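Single-structure report; data block below.
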Amino acid sequence: MKPIVKTLAVGLIAAGVGVVGGRMLAPKPDPIPAEPLGKLQYGNAQFAKGKLISPSVDEMTRYKLESDGSEPLAIVVACSDSRVPPELIFNQGLGDLFVVRTVGHVVSPENLASIEYAVEHLKAPLIVVLGHTHCSVVKAAVSDTSLEGRLPKLVAHVKPVVRRLHTTHPHLKGDALIERVTREHVINSIQTIFQRSEIVRKYHQKGKLEFAGGVYDLRAGTIEWLKLPEELGAKRSEEKKVEVH
């Protein structure tokens with residue numbers, strides 16, 4: 001073999017070995033968790049990094065959902081704010097989430113009926129209440145802003161949380177108070193769902209339904225998962241929890 005050819009051959013072999021070695025040394029991506037909350041947390045982590053996984057929205061998926069119906073992995077009770085689209089935030093596709101949205105994620109009788117439908121008829125195993133930073137309803141409740149039309153009815157759902165914190169944490173002011181009210185309002189909404197729905201309690205007591213609550217950060221794209229009261233039996237995840245006293 002001529003020297004130049006021999007050198008080229010050795011170089012190609014070395015390059016091939018380097019590629020194989022690089023593949024072997026490259027970190028493997030974390031597997032997608034099997035449980036519903038884990039899937040949502042994984043999806044949000046990808047969303048926050050800008051590494052969206054292409055969701056199932058193809059023709060075959062649409063045909064299957066039409067013929068077989070849907071089996072959503074979670075019910076997401078979220079704010080109607082256009083900056084907080086649950087399917088994108090959790091990186092999910094068609095049929096994956098049953099979404100109930102109102103401004104301030106308030107729990108009205110109609111919203112509760114929608115939640116009960118998803119629990120009873122679609123067998124969704126998880127209810128997630130998702131608040132978000134810089135929520136206008138929370139800010140209005142904290143500042144006691146005068147509102148017109150039916151808007152005061154929305155703020156009225158947050159007012160009890162504000163009054164309670166004024167009593168228990170009178171030192172909280174400004175942004176610190178807004179942040180605390182945002183978290184407490186999420187937990188209060190979960191408790192409202194639990195206390196007012198016999199169907200929800202029944203499925204929870206049978207071990208067929210769990211709860212989770214979080215606050216979505218508009219800028220970071222991440223979710224701060226909250227520690228829930230003991231009676232709700234929330235499954236703990238590896239994500240950071242914030243204990244609300």
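By convention in this document, the chains of the structure tokens carry letters A, B, ... by their order, each chain's residues are numbered from 1, and ligands are numbered from 1 in the order they are shown.
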
**Item:** DSSP helix (DSSP H, G or I) selection over range 60-181 of chain A, as a VMD selection string
**Value:** chain A and resid 60 to 68 86 to 89 103 to 105 109 to 120 136 to 143 151 to 155 159 to 168 174 to 181

**Message:** Set the distance at 8 Å and use only C-alpha atoms: which residues neighbour Ile190 in chain A once local chain neighbours fewer than 5 positions away are removed? I'd like the list as a list in words.
**Reply:** Val129, Phe211 and Gly213 of chain A

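Distances here use only C-alpha atoms; by that measure, the residue among A:Ala220, A:Val99, A:Thr61, A:Pro125 closest to Pro36 in chain A is A:Pro125.
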
**Request:** Would you mind writing down, as a ChimeraX atom specification, each residue of range 54-114 of chain A that DSSP on the backbone assigns to strand (DSSP E or B)?
**Result:** /A:74-79,97-102

Selection export as an mmCIF file, in the first residue's frame, atoms kept: C-alpha atoms:
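Okay, part_20.cif is ready:
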data_model
loop_
_atom_site.group_PDB
_atom_site.id
_atom_site.type_symbol
_atom_site.label_atom_id
_atom_site.label_comp_id
_atom_site.auth_asym_id
_atom_site.auth_seq_id
_atom_site.Cartn_x
_atom_site.Cartn_y
_atom_site.Cartn_z
ATOM 1 C CA ALA A 74 -54.464 14.773 33.268
ATOM 2 C CA ILE A 75 -57.065 17.455 33.857
ATOM 3 C CA VAL A 76 -55.409 20.874 33.838
ATOM 4 C CA VAL A 77 -57.286 23.737 35.489
ATOM 5 C CA ALA A 78 -55.500 26.852 34.280
ATOM 6 C CA CYS A 79 -55.846 30.568 33.662
ATOM 7 C CA LEU A 97 -54.894 16.905 28.336
ATOM 8 C CA PHE A 98 -58.419 17.824 29.397
ATOM 9 C CA VAL A 99 -58.129 21.581 29.884
ATOM 10 C CA VAL A 100 -60.488 23.770 31.921
ATOM 11 C CA ARG A 101 -59.572 27.460 31.666
ATOM 12 C CA THR A 102 -60.959 30.625 33.230
#

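Take CA of Ala141 in chain A and CA of Ala156 in chain A: the distance between them is 7.6 Å.
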
**Prompt:** Which neighbours of range 44-53 of chain A fall inside 10 Å, counting only C-alpha atoms, when residues of the same chain fewer than 5 positions from it are skipped, and could you give them as a list in words?
**Reply:** Gly38, Lys39, Pro86, Glu87, Leu88, Ile89, Phe90, Asn91, Gln92, Gly93, Tyr216, Asp217, Arg219, Ala220, Gly221, Thr222 and Ile223 of chain A

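Among the candidates A:Val103, A:Ala140, A:Val119, A:Val158, the one nearest to Thr192 in chain A when counting only C-alpha atoms is A:Val158.
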
**Prompt:** Could you pull the residues within 12 Å of Leu172 in chain A, counting only C-alpha atoms, minus those fewer than 5 positions along the same chain, as a ChimeraX atom specification?
**Reply:** /A:142,162-167,177-181

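Here CA of Lys123 in chain A and CA of Leu209 in chain A stand 8.6 Å from one another.
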
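Between CA of Gly95 in chain A and CA of Glu71 in chain A there is a distance of 6.7 Å.
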
**Prompt:** Hey, which of A:Val137, A:Val106, A:Leu154, A:Val186 ends up closest to Lys227 in chain A? Count only C-alpha atoms.
**Reply:** A:Val186

**Asked** Any idea what's packed within 12 Å of Ser197 in chain A, counting only C-alpha atoms, ignoring anything in its chain fewer than 2 positions away? Could you give it as a ChimeraX atom specification?
**Response** /A:107-117,119-120,190-195,199-204
